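Raw contents of structure.pdb, PDB, C-alpha atoms:
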```pdb
ATOM      1  CA  MET A 186     144.871 140.453 -19.310  1.00  0.00           C
ATOM      2  CA  GLU A 187     144.993 144.255 -19.428  1.00  0.00           C
ATOM      3  CA  GLU A 188     146.906 144.149 -22.695  1.00  0.00           C
ATOM      4  CA  SER A 189     144.230 142.029 -24.411  1.00  0.00           C
ATOM      5  CA  THR A 190     141.522 144.428 -23.196  1.00  0.00           C
ATOM      6  CA  SER A 191     143.547 147.308 -24.576  1.00  0.00           C
ATOM      7  CA  LEU A 192     143.946 145.475 -27.880  1.00  0.00           C
ATOM      8  CA  THR A 193     140.215 144.763 -27.984  1.00  0.00           C
ATOM      9  CA  GLY A 194     139.541 148.439 -27.292  1.00  0.00           C
ATOM     10  CA  LYS A 195     141.892 149.520 -30.074  1.00  0.00           C
ATOM     11  CA  ILE A 196     140.280 147.109 -32.526  1.00  0.00           C
ATOM     12  CA  SER A 197     136.768 148.245 -31.628  1.00  0.00           C
ATOM     13  CA  GLN A 198     137.956 151.876 -31.887  1.00  0.00           C
ATOM     14  CA  PHE A 199     139.320 151.166 -35.367  1.00  0.00           C
ATOM     15  CA  PHE A 200     136.093 149.540 -36.564  1.00  0.00           C
ATOM     16  CA  LEU A 201     133.970 152.279 -35.035  1.00  0.00           C
ATOM     17  CA  THR A 202     136.096 154.907 -36.786  1.00  0.00           C
ATOM     18  CA  TRP A 203     136.033 152.986 -40.060  1.00  0.00           C
ATOM     19  CA  GLY A 204     132.263 152.539 -39.930  1.00  0.00           C
ATOM     20  CA  PHE A 205     131.663 156.187 -39.092  1.00  0.00           C
ATOM     21  CA  LEU A 206     133.952 157.406 -41.877  1.00  0.00           C
ATOM     22  CA  PHE A 207     132.288 155.066 -44.355  1.00  0.00           C
ATOM     23  CA  LEU A 208     128.841 156.374 -43.378  1.00  0.00           C
ATOM     24  CA  VAL A 209     130.098 159.925 -43.873  1.00  0.00           C
ATOM     25  CA  TRP A 210     131.435 158.896 -47.295  1.00  0.00           C
ATOM     26  CA  LEU A 211     128.054 157.444 -48.258  1.00  0.00           C
ATOM     27  CA  ALA A 212     126.276 160.584 -47.071  1.00  0.00           C
ATOM     28  CA  PHE A 213     128.519 162.859 -49.126  1.00  0.00           C
ATOM     29  CA  THR A 214     128.483 160.760 -52.290  1.00  0.00           C
ATOM     30  CA  ALA A 215     124.739 160.030 -52.029  1.00  0.00           C
ATOM     31  CA  THR A 216     125.044 156.985 -54.260  1.00  0.00           C
ATOM     32  CA  LEU A 217     125.315 153.227 -53.910  1.00  0.00           C
ATOM     33  CA  ALA A 218     127.122 152.684 -57.219  1.00  0.00           C
ATOM     34  CA  LYS A 219     129.616 149.819 -56.879  1.00  0.00           C
ATOM     35  CA  GLN A 220     132.683 151.859 -57.728  1.00  0.00           C
ATOM     36  CA  GLU A 221     131.732 154.644 -55.296  1.00  0.00           C
ATOM     37  CA  VAL A 222     131.095 152.182 -52.470  1.00  0.00           C
ATOM     38  CA  LEU A 223     134.378 150.363 -53.168  1.00  0.00           C
ATOM     39  CA  ILE A 224     136.370 153.592 -53.182  1.00  0.00           C
ATOM     40  CA  GLY A 225     134.552 154.643 -49.995  1.00  0.00           C
ATOM     41  CA  VAL A 226     135.426 151.374 -48.233  1.00  0.00           C
ATOM     42  CA  ILE A 227     139.093 151.689 -49.219  1.00  0.00           C
ATOM     43  CA  THR A 228     139.374 155.400 -48.444  1.00  0.00           C
ATOM     44  CA  SER A 229     137.625 155.165 -45.082  1.00  0.00           C
ATOM     45  CA  PHE A 230     139.763 152.117 -44.197  1.00  0.00           C
ATOM     46  CA  LEU A 231     142.981 153.995 -44.908  1.00  0.00           C
ATOM     47  CA  ILE A 232     141.858 157.098 -43.016  1.00  0.00           C
ATOM     48  CA  ALA A 233     140.741 154.928 -40.076  1.00  0.00           C
ATOM     49  CA  LEU A 234     144.161 153.253 -40.012  1.00  0.00           C
ATOM     50  CA  ILE A 235     145.828 156.635 -39.736  1.00  0.00           C
ATOM     51  CA  THR A 236     143.410 158.381 -37.359  1.00  0.00           C
ATOM     52  CA  SER A 237     141.792 155.784 -35.086  1.00  0.00           C
ATOM     53  CA  LYS A 238     144.623 155.945 -32.551  1.00  0.00           C
ATOM     54  CA  PHE A 239     144.036 159.698 -32.187  1.00  0.00           C
ATOM     55  CA  LEU A 240     140.246 159.491 -31.890  1.00  0.00           C
ATOM     56  CA  GLN A 241     139.989 157.964 -28.428  1.00  0.00           C
ATOM     57  CA  CYS A 242     136.842 159.722 -27.277  1.00  0.00           C
ATOM     58  CA  CYS A 243     134.312 157.163 -28.308  1.00  0.00           C
ATOM     59  CA  THR A 244     133.904 153.460 -27.817  1.00  0.00           C
ATOM     60  CA  LEU A 245     131.193 151.048 -28.810  1.00  0.00           C
ATOM     61  CA  LYS A 246     129.335 152.330 -25.719  1.00  0.00           C
ATOM     62  CA  PHE A 247     128.060 155.112 -27.978  1.00  0.00           C
ATOM     63  CA  LEU A 248     126.015 152.554 -29.899  1.00  0.00           C
ATOM     64  CA  MET A 249     124.082 151.487 -26.794  1.00  0.00           C
ATOM     65  CA  PRO A 250     120.383 152.489 -26.913  1.00  0.00           C
ATOM     66  CA  LYS A 251     120.620 154.278 -23.535  1.00  0.00           C
ATOM     67  CA  THR A 252     123.530 156.398 -24.736  1.00  0.00           C
ATOM     68  CA  ILE A 253     121.837 157.180 -28.053  1.00  0.00           C
ATOM     69  CA  PHE A 254     118.715 158.225 -26.128  1.00  0.00           C
ATOM     70  CA  PHE A 255     120.698 160.650 -23.954  1.00  0.00           C
ATOM     71  CA  ILE A 256     122.527 162.035 -26.998  1.00  0.00           C
ATOM     72  CA  VAL A 257     119.137 162.847 -28.556  1.00  0.00           C
ATOM     73  CA  VAL A 258     117.991 164.394 -25.258  1.00  0.00           C
ATOM     74  CA  TYR A 259     121.211 166.444 -25.164  1.00  0.00           C
ATOM     75  CA  ILE A 260     120.611 167.752 -28.668  1.00  0.00           C
ATOM     76  CA  LEU A 261     117.060 168.780 -27.732  1.00  0.00           C
ATOM     77  CA  VAL A 262     118.255 170.531 -24.552  1.00  0.00           C
ATOM     78  CA  PHE A 263     120.991 172.255 -26.553  1.00  0.00           C
ATOM     79  CA  ILE A 264     118.446 173.500 -29.104  1.00  0.00           C
ATOM     80  CA  ARG A 265     116.208 174.802 -26.284  1.00  0.00           C
ATOM     81  CA  GLU A 266     119.119 176.651 -24.637  1.00  0.00           C
ATOM     82  CA  LEU A 267     120.272 177.933 -28.024  1.00  0.00           C
ATOM     83  CA  LEU A 268     116.852 179.416 -28.768  1.00  0.00           C
ATOM     84  CA  LYS A 269     116.575 181.021 -25.322  1.00  0.00           C
ATOM     85  CA  ALA A 270     120.038 182.575 -25.655  1.00  0.00           C
ATOM     86  CA  ASN A 271     119.354 183.793 -29.202  1.00  0.00           C
ATOM     87  CA  PHE A 272     116.181 185.561 -28.095  1.00  0.00           C
ATOM     88  CA  ASP A 273     118.007 187.106 -25.138  1.00  0.00           C
ATOM     89  CA  VAL A 274     120.853 188.449 -27.288  1.00  0.00           C
ATOM     90  CA  ALA A 275     118.443 189.609 -30.017  1.00  0.00           C
ATOM     91  CA  ARG A 276     116.408 191.475 -27.366  1.00  0.00           C
ATOM     92  CA  ARG A 277     119.589 193.219 -26.202  1.00  0.00           C
ATOM     93  CA  VAL A 278     120.501 194.189 -29.767  1.00  0.00           C
ATOM     94  CA  ILE A 279     117.028 195.544 -30.546  1.00  0.00           C
ATOM     95  CA  SER A 280     116.843 197.418 -27.227  1.00  0.00           C
ATOM     96  CA  PRO A 281     120.300 198.906 -26.680  1.00  0.00           C
ATOM     97  CA  SER A 282     119.044 200.555 -23.485  1.00  0.00           C
ATOM     98  CA  LEU A 283     118.910 197.141 -21.801  1.00  0.00           C
ATOM     99  CA  PRO A 284     121.821 196.868 -19.404  1.00  0.00           C
ATOM    100  CA  ILE A 285     124.607 194.435 -19.992  1.00  0.00           C
ATOM    101  CA  ASN A 286     127.099 193.366 -17.420  1.00  0.00           C
ATOM    102  CA  PRO A 287     129.899 191.526 -19.247  1.00  0.00           C
ATOM    103  CA  GLY A 288     132.501 189.607 -17.338  1.00  0.00           C
ATOM    104  CA  ILE A 289     134.299 186.334 -16.838  1.00  0.00           C
ATOM    105  CA  VAL A 290     132.889 183.823 -14.380  1.00  0.00           C
ATOM    106  CA  LYS A 291     134.345 180.547 -13.228  1.00  0.00           C
ATOM    107  CA  PHE A 292     132.775 177.326 -12.071  1.00  0.00           C
ATOM    108  CA  LYS A 293     133.747 173.720 -11.509  1.00  0.00           C
ATOM    109  CA  THR A 294     132.465 170.747 -13.460  1.00  0.00           C
ATOM    110  CA  ASN A 295     131.906 167.151 -12.418  1.00  0.00           C
ATOM    111  CA  LEU A 296     132.827 165.862 -15.876  1.00  0.00           C
ATOM    112  CA  LYS A 297     135.956 163.701 -15.841  1.00  0.00           C
ATOM    113  CA  SER A 298     136.879 163.006 -19.468  1.00  0.00           C
ATOM    114  CA  ASP A 299     138.543 165.661 -21.570  1.00  0.00           C
ATOM    115  CA  TYR A 300     136.150 164.857 -24.409  1.00  0.00           C
ATOM    116  CA  ALA A 301     133.087 165.506 -22.218  1.00  0.00           C
ATOM    117  CA  LYS A 302     134.609 168.807 -21.063  1.00  0.00           C
ATOM    118  CA  MET A 303     135.242 169.750 -24.681  1.00  0.00           C
ATOM    119  CA  VAL A 304     131.608 169.031 -25.588  1.00  0.00           C
ATOM    120  CA  LEU A 305     130.455 171.190 -22.673  1.00  0.00           C
ATOM    121  CA  ALA A 306     132.848 174.013 -23.609  1.00  0.00           C
ATOM    122  CA  ASN A 307     131.676 173.951 -27.226  1.00  0.00           C
ATOM    123  CA  SER A 308     128.028 173.911 -26.173  1.00  0.00           C
ATOM    124  CA  ILE A 309     128.629 176.955 -23.985  1.00  0.00           C
ATOM    125  CA  THR A 310     130.481 178.753 -26.790  1.00  0.00           C
ATOM    126  CA  LEU A 311     127.811 177.951 -29.379  1.00  0.00           C
ATOM    127  CA  THR A 312     125.159 179.448 -27.115  1.00  0.00           C
ATOM    128  CA  PRO A 313     124.995 183.206 -27.834  1.00  0.00           C
ATOM    129  CA  GLY A 314     126.013 185.403 -24.941  1.00  0.00           C
ATOM    130  CA  THR A 315     128.598 183.013 -23.535  1.00  0.00           C
ATOM    131  CA  LEU A 316     132.095 182.051 -24.618  1.00  0.00           C
ATOM    132  CA  SER A 317     134.319 179.391 -23.059  1.00  0.00           C
ATOM    133  CA  VAL A 318     137.645 181.101 -22.475  1.00  0.00           C
ATOM    134  CA  ASP A 319     139.658 178.409 -20.694  1.00  0.00           C
ATOM    135  CA  ILE A 320     139.444 175.094 -18.870  1.00  0.00           C
ATOM    136  CA  VAL A 321     141.954 174.413 -16.108  1.00  0.00           C
ATOM    137  CA  ASP A 322     141.535 170.929 -14.656  1.00  0.00           C
ATOM    138  CA  ASP A 323     137.863 170.960 -13.568  1.00  0.00           C
ATOM    139  CA  THR A 324     137.400 174.734 -13.638  1.00  0.00           C
ATOM    140  CA  PHE A 325     135.745 176.507 -16.554  1.00  0.00           C
ATOM    141  CA  TYR A 326     136.288 180.196 -17.280  1.00  0.00           C
ATOM    142  CA  VAL A 327     133.430 181.640 -19.318  1.00  0.00           C
ATOM    143  CA  HIS A 328     132.887 185.137 -20.703  1.00  0.00           C
ATOM    144  CA  TRP A 329     129.250 186.009 -20.117  1.00  0.00           C
ATOM    145  CA  ILE A 330     127.497 188.951 -21.773  1.00  0.00           C
ATOM    146  CA  ASP A 331     125.308 189.597 -18.724  1.00  0.00           C
ATOM    147  CA  VAL A 332     126.826 188.286 -15.505  1.00  0.00           C
ATOM    148  CA  LYS A 333     123.927 187.669 -13.168  1.00  0.00           C
ATOM    149  CA  SER A 334     126.073 186.250 -10.377  1.00  0.00           C
ATOM    150  CA  THR A 335     129.784 185.855  -9.708  1.00  0.00           C
ATOM    151  CA  ASP A 336     129.038 183.019  -7.284  1.00  0.00           C
ATOM    152  CA  PRO A 337     130.533 179.924  -8.976  1.00  0.00           C
ATOM    153  CA  GLU A 338     127.600 177.680  -8.024  1.00  0.00           C
ATOM    154  CA  GLN A 339     124.999 180.094  -9.375  1.00  0.00           C
ATOM    155  CA  ALA A 340     127.020 180.746 -12.541  1.00  0.00           C
ATOM    156  CA  PHE A 341     127.232 176.972 -13.082  1.00  0.00           C
ATOM    157  CA  LYS A 342     123.452 176.641 -12.667  1.00  0.00           C
ATOM    158  CA  ASP A 343     122.772 179.477 -15.095  1.00  0.00           C
ATOM    159  CA  ILE A 344     125.277 178.473 -17.782  1.00  0.00           C
ATOM    160  CA  ALA A 345     126.137 174.774 -17.692  1.00  0.00           C
ATOM    161  CA  GLU A 346     123.963 172.724 -15.358  1.00  0.00           C
ATOM    162  CA  SER A 347     121.389 171.644 -17.952  1.00  0.00           C
ATOM    163  CA  PHE A 348     124.181 170.459 -20.261  1.00  0.00           C
ATOM    164  CA  GLU A 349     126.265 168.722 -17.604  1.00  0.00           C
ATOM    165  CA  LYS A 350     123.375 166.669 -16.179  1.00  0.00           C
ATOM    166  CA  ILE A 351     122.979 164.905 -19.497  1.00  0.00           C
ATOM    167  CA  LEU A 352     126.676 164.738 -20.365  1.00  0.00           C
ATOM    168  CA  LEU A 353     127.283 162.824 -17.125  1.00  0.00           C
ATOM    169  CA  LYS A 354     124.858 160.172 -18.419  1.00  0.00           C
ATOM    170  CA  ILE A 355     126.516 160.028 -21.832  1.00  0.00           C
ATOM    171  CA  PHE A 356     130.132 159.938 -20.684  1.00  0.00           C
TER     172      PHE A 356
END
```
Output the file's structure as structure tokens, nothing else.
Amino acid sequence: MEESTSLTGKISQFFLTWGFLFLVWLAFTATLAKQEVLIGVITSFLIALITSKFLQCCTLKFLMPKTIFFIVVYILVFIRELLKANFDVARRVISPSLPINPGIVKFKTNLKSDYAKMVLANSITLTPGTLSVDIVDDTFYVHWIDVKSTDPEQAFKDIAESFEKILLKIF
């Protein structure tokens, strides 16, 4: 029984990968000419055959309306945090007299999948003023341009809590 579920998962993973790659092909070619579509179907099929076993992060769950909703919410929260961090760093650049207190803080995450942790780490790194340095099991190490607290719980609240709340609903 477990083997058939695994096979079903692999097949759905293949078709999800194939469909995604084909959509990317269509976006880049920006045409629906027969020959372009045919080449896109063949090329994306071959790439999906080679790569689908390595791309195990996503299942058909990502096509569920609830998941899509939370992905959109995550993007909006990320943009909000990105803008706040950009203004903070720009303020520090314009006013060099503002104090900075750089350092590395650590905190634990409740995320279980490696993919979810990777999304969180990249979100932290893409936000100016913070850089994900390492992840060891459930512990993140983050370089922060202005360490407000070395307490792991407070650092988590300041850096990652808004991201993690939504990621727990997606993954």
Exercise. Might you pull out every residue within 6 Å of region 319-331 of chain A, with all atoms listed in the file counted and same-chain residues fewer than 6 positions away left off, and present them as number ranges by chain?
Key: A: 285-294
Self-check item: Nearest-residue call for Arg265 (chain A), choices A:Thr236, A:Ser347, A:Asn307, A:Ser229, using all atoms listed in the file
Solution: A:Ser347
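As for CA of Lys354 (chain A) and CA of Ile256 (chain A), they are spaced 9.1 Å apart.
Across the structure, CA of Tyr300 (chain A) and CA of Ile355 (chain A) are spaced 11.1 Å apart.
Contact shell of Phe356 (chain A) at 12 Å (only C-alpha atoms; same-chain neighbours under 5 positions omitted): A:Cys242, A:Cys243, A:Thr244, A:Lys246, A:Phe247, A:Lys251, A:Thr252, A:Ile253, A:Phe255, A:Ile256, A:Tyr259, A:Asn295, A:Leu296, A:Lys297, A:Ser298, A:Asp299, A:Tyr300, A:Ala301, A:Lys302, A:Met303, A:Val304, A:Leu305, A:Glu349, A:Lys350, A:Ile351.
CA of Ser308 (chain A) sits 7.9 Å away from CA of Phe348 (chain A).
Evaluating the PyMOL selection byres ((chain A and resi 274) around 12) against the shown model yields Leu267, Leu268, Lys269, Ala270, Asn271, Phe272, Asp273, Ala275, Arg276, Arg277, Val278, Ile279, Ser280, Pro281, Leu283, Pro284, Ile285, Thr312, Pro313, Gly314, Thr315, Trp329, Ile330 and Asp331 of chain A.
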Kindly export the residues of the current selection with C-alpha atoms, as a compact mmCIF listing (two decimals), keeping the file's coordinate frame.
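Okay, part15.txt is ready:
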```txt
# COMPACT_ATOMS: atom_id res chain seq x y z
CA LEU A 267 120.27 177.93 -28.02
CA LEU A 268 116.85 179.42 -28.77
CA LYS A 269 116.58 181.02 -25.32
CA ALA A 270 120.04 182.58 -25.66
CA ASN A 271 119.35 183.79 -29.20
CA PHE A 272 116.18 185.56 -28.10
CA ASP A 273 118.01 187.11 -25.14
CA ALA A 275 118.44 189.61 -30.02
CA ARG A 276 116.41 191.48 -27.37
CA ARG A 277 119.59 193.22 -26.20
CA VAL A 278 120.50 194.19 -29.77
CA ILE A 279 117.03 195.54 -30.55
CA SER A 280 116.84 197.42 -27.23
CA PRO A 281 120.30 198.91 -26.68
CA LEU A 283 118.91 197.14 -21.80
CA PRO A 284 121.82 196.87 -19.40
CA ILE A 285 124.61 194.44 -19.99
CA THR A 312 125.16 179.45 -27.12
CA PRO A 313 125.00 183.21 -27.83
CA GLY A 314 126.01 185.40 -24.94
CA THR A 315 128.60 183.01 -23.54
CA TRP A 329 129.25 186.01 -20.12
CA ILE A 330 127.50 188.95 -21.77
CA ASP A 331 125.31 189.60 -18.72
```
